[in-house]
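Asker: I have a structure here, written as structure tokens, and I will follow up with some questions on it.
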Amino acid sequence: MSKNKIYTALILLCSAILLYWVSQRTKPGLTTGPLPQSKVAVPTLRPFWKALPIQTGENPAEWLERQRRQDSLLFEFFVQKILQSDPETVYSLWQNPGVDSLTKDVTAFWGSDNPEVVQARQQLTELLGRYPSLLQTAGGFSPDSLPPIPVPVGMVGLFQYQCVLSDSNLWIGLDLFMKENYRYYPTVDQLYLYQRRRTHPRHMPIAVARTLSEDLVDQLNPGSSTGKLLNQILREGRIMACLRLLLPETPDSLLLGYNPGQWNWICQNETDVWKNLVRSQALFSEDPLVAARYLSDGPFTSGLSTDSPPALGRFLGDRIMQQWLANQKPPKGWIKALGQPEQILQESGYRGRS
């Protein structure tokens, strides 16, 4: 064989090896592909918030009767669980000009054809359509034992909650998705600047998907929110894996709630953060203060640069779980089929950013 042919053969062989290596490095794991949409009709967002304003001349008894006539169960849950109050107090609240103004603002914004609102509503419909498939693939539910898709209920919760899951409903506090410059946010107690960034409508589907995912993971892995830090960050990894299945086109940074600067910081410092975590043996700590440092919300992670993102345990758990899913052939119902935390970490092969 001539030297030219030998060189050509070597080049082709090297190219084939390189292509295979790249394909393995970028091969999508279970968490990257979209789930099939449900064949069952997906419920639309119910505008519960529109029912509460007091009609002209309506006294408390008439208002209460109208609320109970329209949907007594929804009304009672809203009063008792969301506002933790009583009907008489709620009637007085909705007489307040500020509450009336807030309700009108929510109606105008979330009832509009604003492209950001339209996109958020569309994403909500799509993720709810994928929810039954998530229950089957990740949760291991059989097709004939699936719970119904929860009905999304839009509320003005007076800035109490972004999302609450009840037995059959998914309550969405639309007053907390009015964009960070909304006029009332500076007056809301304990709604900090870093939290206002997540009041854009694009964060509404993420809050819904996270609520559904947390419920599924905690249902199938009770106790995963306590114990060693490793156990708790792997819970976050499971939740993020579910989030990615429900919202496959949403960037990781947005799913995690990081701004561009925070995302760039952790991408550049991932290996160092992981090595320090291992070196300090914090992974196996059961100290609540250690867990709070790596899992609590905030402007940044305590003890690290102010450019760092908060809740880095969520990011690390996501990285471990992505790598585990890519390295395994996950069985149906993989959420509850996972082994012990140390085994998952070992099988993932995660050692920080490579």
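Chain labels run A, B, ... following the order of the structure tokens; each chain numbers its residues from 1, and ligands are numbered from 1 in the order shown.
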Which neighbours of segment 75-80 of chain A fall inside 10 Å, counting only C-alpha atoms, when residues of the same chain fewer than 6 positions from it are skipped, and could you give them as a list in words?
Answerer: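 Close residues of segment 75-80 of chain A: Phe48, Ala51, Leu52, Leu64, Gln67, Arg68, Arg69, Asp86, Pro87, Glu88, Thr89, Val90, Met155, Val156, Gly157, Ser166 and Trp171 of chain A.
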Asker: Just to be explicit: take each residue in the selection above, keep N, CA, C and O atoms, and write the result as a PDB file, in the first residue's frame.
Answerer:
```pdb
ATOM      1  N   PHE A  48     -60.249  32.249  38.047  1.00  0.00           N
ATOM      2  CA  PHE A  48     -60.949  32.373  39.326  1.00  0.00           C
ATOM      3  C   PHE A  48     -60.882  33.795  39.870  1.00  0.00           C
ATOM      4  O   PHE A  48     -61.816  34.254  40.541  1.00  0.00           O
ATOM      5  N   ALA A  51     -63.872  36.316  39.686  1.00  0.00           N
ATOM      6  CA  ALA A  51     -65.140  36.133  40.394  1.00  0.00           C
ATOM      7  C   ALA A  51     -65.211  36.904  41.699  1.00  0.00           C
ATOM      8  O   ALA A  51     -66.301  37.154  42.219  1.00  0.00           O
ATOM      9  N   LEU A  52     -64.054  37.293  42.263  1.00  0.00           N
ATOM     10  CA  LEU A  52     -64.049  37.851  43.615  1.00  0.00           C
ATOM     11  C   LEU A  52     -64.470  39.319  43.723  1.00  0.00           C
ATOM     12  O   LEU A  52     -65.030  39.712  44.745  1.00  0.00           O
ATOM     13  N   LEU A  64     -71.186  36.412  49.229  1.00  0.00           N
ATOM     14  CA  LEU A  64     -70.824  35.070  49.674  1.00  0.00           C
ATOM     15  C   LEU A  64     -71.672  34.017  48.970  1.00  0.00           C
ATOM     16  O   LEU A  64     -71.154  32.974  48.543  1.00  0.00           O
ATOM     17  N   GLN A  67     -70.340  33.545  45.439  1.00  0.00           N
ATOM     18  CA  GLN A  67     -69.084  32.786  45.408  1.00  0.00           C
ATOM     19  C   GLN A  67     -69.347  31.285  45.574  1.00  0.00           C
ATOM     20  O   GLN A  67     -68.788  30.457  44.841  1.00  0.00           O
ATOM     21  N   ARG A  68     -70.198  30.948  46.526  1.00  0.00           N
ATOM     22  CA  ARG A  68     -70.470  29.535  46.777  1.00  0.00           C
ATOM     23  C   ARG A  68     -71.298  28.908  45.668  1.00  0.00           C
ATOM     24  O   ARG A  68     -71.175  27.717  45.389  1.00  0.00           O
ATOM     25  N   ARG A  69     -72.122  29.695  45.033  1.00  0.00           N
ATOM     26  CA  ARG A  69     -72.921  29.181  43.916  1.00  0.00           C
ATOM     27  C   ARG A  69     -72.042  28.885  42.704  1.00  0.00           C
ATOM     28  O   ARG A  69     -72.260  27.904  41.995  1.00  0.00           O
ATOM     29  N   ASP A  86     -61.164  34.212  56.592  1.00  0.00           N
ATOM     30  CA  ASP A  86     -62.572  33.848  56.631  1.00  0.00           C
ATOM     31  C   ASP A  86     -63.309  34.700  55.598  1.00  0.00           C
ATOM     32  O   ASP A  86     -62.796  35.747  55.158  1.00  0.00           O
ATOM     33  N   PRO A  87     -64.513  34.302  55.170  1.00  0.00           N
ATOM     34  CA  PRO A  87     -65.218  35.028  54.105  1.00  0.00           C
ATOM     35  C   PRO A  87     -65.456  36.504  54.407  1.00  0.00           C
ATOM     36  O   PRO A  87     -65.355  37.354  53.511  1.00  0.00           O
ATOM     37  N   GLU A  88     -65.778  36.813  55.658  1.00  0.00           N
ATOM     38  CA  GLU A  88     -66.052  38.215  56.003  1.00  0.00           C
ATOM     39  C   GLU A  88     -64.814  39.086  55.803  1.00  0.00           C
ATOM     40  O   GLU A  88     -64.901  40.219  55.284  1.00  0.00           O
ATOM     41  N   THR A  89     -63.661  38.566  56.212  1.00  0.00           N
ATOM     42  CA  THR A  89     -62.424  39.325  56.036  1.00  0.00           C
ATOM     43  C   THR A  89     -62.080  39.479  54.565  1.00  0.00           C
ATOM     44  O   THR A  89     -61.625  40.554  54.142  1.00  0.00           O
ATOM     45  N   VAL A  90     -62.297  38.435  53.790  1.00  0.00           N
ATOM     46  CA  VAL A  90     -62.006  38.495  52.351  1.00  0.00           C
ATOM     47  C   VAL A  90     -62.914  39.516  51.670  1.00  0.00           C
ATOM     48  O   VAL A  90     -62.484  40.271  50.801  1.00  0.00           O
ATOM     49  N   MET A 155     -55.336  32.912  40.148  1.00  0.00           N
ATOM     50  CA  MET A 155     -55.835  33.633  41.322  1.00  0.00           C
ATOM     51  C   MET A 155     -55.063  34.926  41.537  1.00  0.00           C
ATOM     52  O   MET A 155     -53.941  35.096  41.047  1.00  0.00           O
ATOM     53  N   VAL A 156     -55.667  35.822  42.279  1.00  0.00           N
ATOM     54  CA  VAL A 156     -54.981  36.965  42.870  1.00  0.00           C
ATOM     55  C   VAL A 156     -54.821  36.603  44.335  1.00  0.00           C
ATOM     56  O   VAL A 156     -55.739  36.757  45.138  1.00  0.00           O
ATOM     57  N   GLY A 157     -53.678  36.059  44.677  1.00  0.00           N
ATOM     58  CA  GLY A 157     -53.448  35.552  46.029  1.00  0.00           C
ATOM     59  C   GLY A 157     -52.845  36.559  46.968  1.00  0.00           C
ATOM     60  O   GLY A 157     -52.346  36.183  48.033  1.00  0.00           O
ATOM     61  N   SER A 166     -53.340  21.530  44.880  1.00  0.00           N
ATOM     62  CA  SER A 166     -54.330  20.894  45.749  1.00  0.00           C
ATOM     63  C   SER A 166     -54.697  19.537  45.146  1.00  0.00           C
ATOM     64  O   SER A 166     -54.035  19.063  44.221  1.00  0.00           O
ATOM     65  N   TRP A 171     -53.143  25.965  41.629  1.00  0.00           N
ATOM     66  CA  TRP A 171     -53.413  27.383  41.851  1.00  0.00           C
ATOM     67  C   TRP A 171     -52.192  28.213  41.442  1.00  0.00           C
ATOM     68  O   TRP A 171     -51.083  27.965  41.907  1.00  0.00           O
TER      69      TRP A 171
END
```
Asker: Assign secondary structure with DSSP using the backbone only, and return the residues of segment 85-277 of chain A in strand (DSSP E or B) as an MDAnalysis selection string.
Answerer: chainID A and resid 151:155 163:165 169:173
Asker: Write the selection just made, keeping all heavy atoms, as a short mmCIF file (atom, residue, chain, number, x, y, z; two decimals), in the first residue's frame?
Answerer:
```
data_model
loop_
_atom_site.label_atom_id
_atom_site.label_comp_id
_atom_site.auth_asym_id
_atom_site.auth_seq_id
_atom_site.Cartn_x
_atom_site.Cartn_y
_atom_site.Cartn_z
N VAL A 151 -56.38 20.96 37.16
CA VAL A 151 -56.92 22.13 36.47
C VAL A 151 -56.18 23.38 36.95
O VAL A 151 -56.16 23.67 38.15
CB VAL A 151 -58.43 22.29 36.74
CG1 VAL A 151 -58.97 23.55 36.08
CG2 VAL A 151 -59.19 21.06 36.25
N PRO A 152 -55.55 24.14 36.04
CA PRO A 152 -54.88 25.37 36.47
C PRO A 152 -55.90 26.46 36.80
O PRO A 152 -56.81 26.74 36.00
CB PRO A 152 -54.03 25.75 35.25
CG PRO A 152 -54.72 25.12 34.09
CD PRO A 152 -55.39 23.88 34.59
N VAL A 153 -55.76 27.02 37.98
CA VAL A 153 -56.69 28.04 38.46
C VAL A 153 -55.92 29.33 38.69
O VAL A 153 -55.03 29.38 39.54
CB VAL A 153 -57.38 27.59 39.77
CG1 VAL A 153 -58.32 28.68 40.27
CG2 VAL A 153 -58.14 26.29 39.56
N GLY A 154 -56.23 30.35 37.93
CA GLY A 154 -55.58 31.64 38.10
C GLY A 154 -56.19 32.40 39.27
O GLY A 154 -57.41 32.49 39.40
N MET A 155 -55.34 32.91 40.15
CA MET A 155 -55.84 33.63 41.32
C MET A 155 -55.06 34.93 41.54
O MET A 155 -53.94 35.10 41.05
CB MET A 155 -55.72 32.76 42.57
CG MET A 155 -54.28 32.45 42.99
SD MET A 155 -54.18 31.61 44.58
CE MET A 155 -52.42 31.22 44.66
N CYS A 163 -47.40 29.33 43.20
CA CYS A 163 -48.06 28.11 42.74
C CYS A 163 -48.34 27.19 43.93
O CYS A 163 -47.47 26.98 44.77
CB CYS A 163 -47.18 27.40 41.71
SG CYS A 163 -48.03 26.15 40.76
N VAL A 164 -49.56 26.67 43.97
CA VAL A 164 -49.97 25.74 45.02
C VAL A 164 -50.75 24.60 44.38
O VAL A 164 -51.66 24.84 43.57
CB VAL A 164 -50.86 26.44 46.08
CG1 VAL A 164 -51.38 25.43 47.10
CG2 VAL A 164 -50.09 27.55 46.79
N LEU A 165 -50.41 23.36 44.75
CA LEU A 165 -51.09 22.19 44.21
C LEU A 165 -52.06 21.64 45.25
O LEU A 165 -51.66 21.34 46.38
CB LEU A 165 -50.08 21.12 43.82
CG LEU A 165 -50.61 19.84 43.17
CD1 LEU A 165 -51.25 20.15 41.82
CD2 LEU A 165 -49.48 18.83 42.98
N ASN A 169 -56.54 20.71 41.67
CA ASN A 169 -56.31 22.02 41.06
C ASN A 169 -54.87 22.49 41.26
O ASN A 169 -54.21 22.11 42.23
CB ASN A 169 -57.26 23.07 41.65
CG ASN A 169 -58.71 22.77 41.34
OD1 ASN A 169 -59.09 22.60 40.19
ND2 ASN A 169 -59.54 22.67 42.37
N LEU A 170 -54.44 23.30 40.34
CA LEU A 170 -53.11 23.89 40.38
C LEU A 170 -53.30 25.40 40.44
O LEU A 170 -53.64 26.04 39.44
CB LEU A 170 -52.35 23.49 39.11
CG LEU A 170 -50.85 23.71 39.04
CD1 LEU A 170 -50.13 22.92 40.12
CD2 LEU A 170 -50.35 23.27 37.68
N TRP A 171 -53.14 25.97 41.63
CA TRP A 171 -53.41 27.38 41.85
C TRP A 171 -52.19 28.21 41.44
O TRP A 171 -51.08 27.97 41.91
CB TRP A 171 -53.73 27.63 43.32
CG TRP A 171 -55.04 27.02 43.74
CD1 TRP A 171 -55.26 25.71 44.05
CD2 TRP A 171 -56.29 27.69 43.89
NE1 TRP A 171 -56.58 25.52 44.39
CE2 TRP A 171 -57.23 26.72 44.30
CE3 TRP A 171 -56.70 29.01 43.72
CZ2 TRP A 171 -58.57 27.04 44.55
CZ3 TRP A 171 -58.02 29.33 43.97
CH2 TRP A 171 -58.95 28.36 44.37
N ILE A 172 -52.42 29.20 40.58
CA ILE A 172 -51.33 30.02 40.07
C ILE A 172 -51.58 31.48 40.47
O ILE A 172 -52.58 32.08 40.06
CB ILE A 172 -51.22 29.92 38.53
CG1 ILE A 172 -51.08 28.45 38.12
CG2 ILE A 172 -50.05 30.73 38.02
CD1 ILE A 172 -51.14 28.22 36.62
N GLY A 173 -50.66 32.02 41.27
CA GLY A 173 -50.78 33.41 41.71
C GLY A 173 -50.32 34.36 40.62
O GLY A 173 -49.15 34.75 40.58
#
```
Asker: Counting only C-alpha atoms, which residue out of A:Val106, A:Ala326, A:Ala41, A:Ala291 sits closest to Gly227 of chain A?
Answerer: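 Under the stated criterion, the closest residue is A:Ala291.
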Asker: Considering only C-alpha atoms, return as a ChimeraX atom specification whatever protein or nucleic-acid residues lie within 12 Å of segment 242-246 of chain A, sequence-local ones (same chain, fewer than 4 positions apart) excluded.
Answerer: /A:29-38,123-139,205-217,235-238,250-256,318,321-322,325,333-335
Asker: Env of Thr226 of chain A: 9 Å cut, atoms = only C-alpha atoms, seq-sep filter 4 positions within chain, self excluded. Answer as JSON, numbers by chain.
Answerer: {"A": [231, 232, 286, 288]}
Asker: Among the residues of segment 91-277 of chain A, find those DSSP assigns to helix (DSSP H, G or I) from the backbone and print them as a ChimeraX atom specification.
Answerer: /A:91-93,97-110,115-137,143-145,174-176,185-187,193-199,203-220,229-246,252-256,260-277
Asker: Would you compute the distance between atom CA of Thr56 of chain A and atom CA of Gln95 of chain A? Give it in Å to one decimal.
Answerer: 11.1 Å
Asker: So the first atom is atom CA of Ala282 of chain A and the second is atom CA of Asn264 of chain A; what is the distance between them in Å, to one decimal place?
Answerer: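 Answer for the atom CA of Ala282 of chain A to atom CA of Asn264 of chain A separation: 24.0 Å.
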Asker: At a cut-off of 8 Å, using only C-alpha atoms, what residues contact Thr103 of chain A? Leave out same-chain residues fewer than 6 positions from it and give the result as a ChimeraX atom specification.
Answerer: /A:49-50,53,156
Asker: What gap, in Å, lies between atom CA of Phe109 of chain A and atom CA of Leu174 of chain A?
Answerer: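 A separation of 9.5 Å between them.
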Asker: Pick out the residues sitting within 12 Å of Phe159 of chain A, and hand them over as a ChimeraX atom specification; count only C-alpha atoms, and ignore anything fewer than 3 positions along from it in its own chain.
Answerer: /A:82-83,99,102-103,106,155-156,162-163,172-178,184-191,196,199
Asker: Can you pull out the residues contacting Leu345 of chain A? Cut-off 9 Å, using only C-alpha atoms, and skip same-chain residues under 3 positions away; I want them as a VMD selection string.
Answerer: chain A and resid 230 234 320 to 321 324 340 to 342 348 to 350
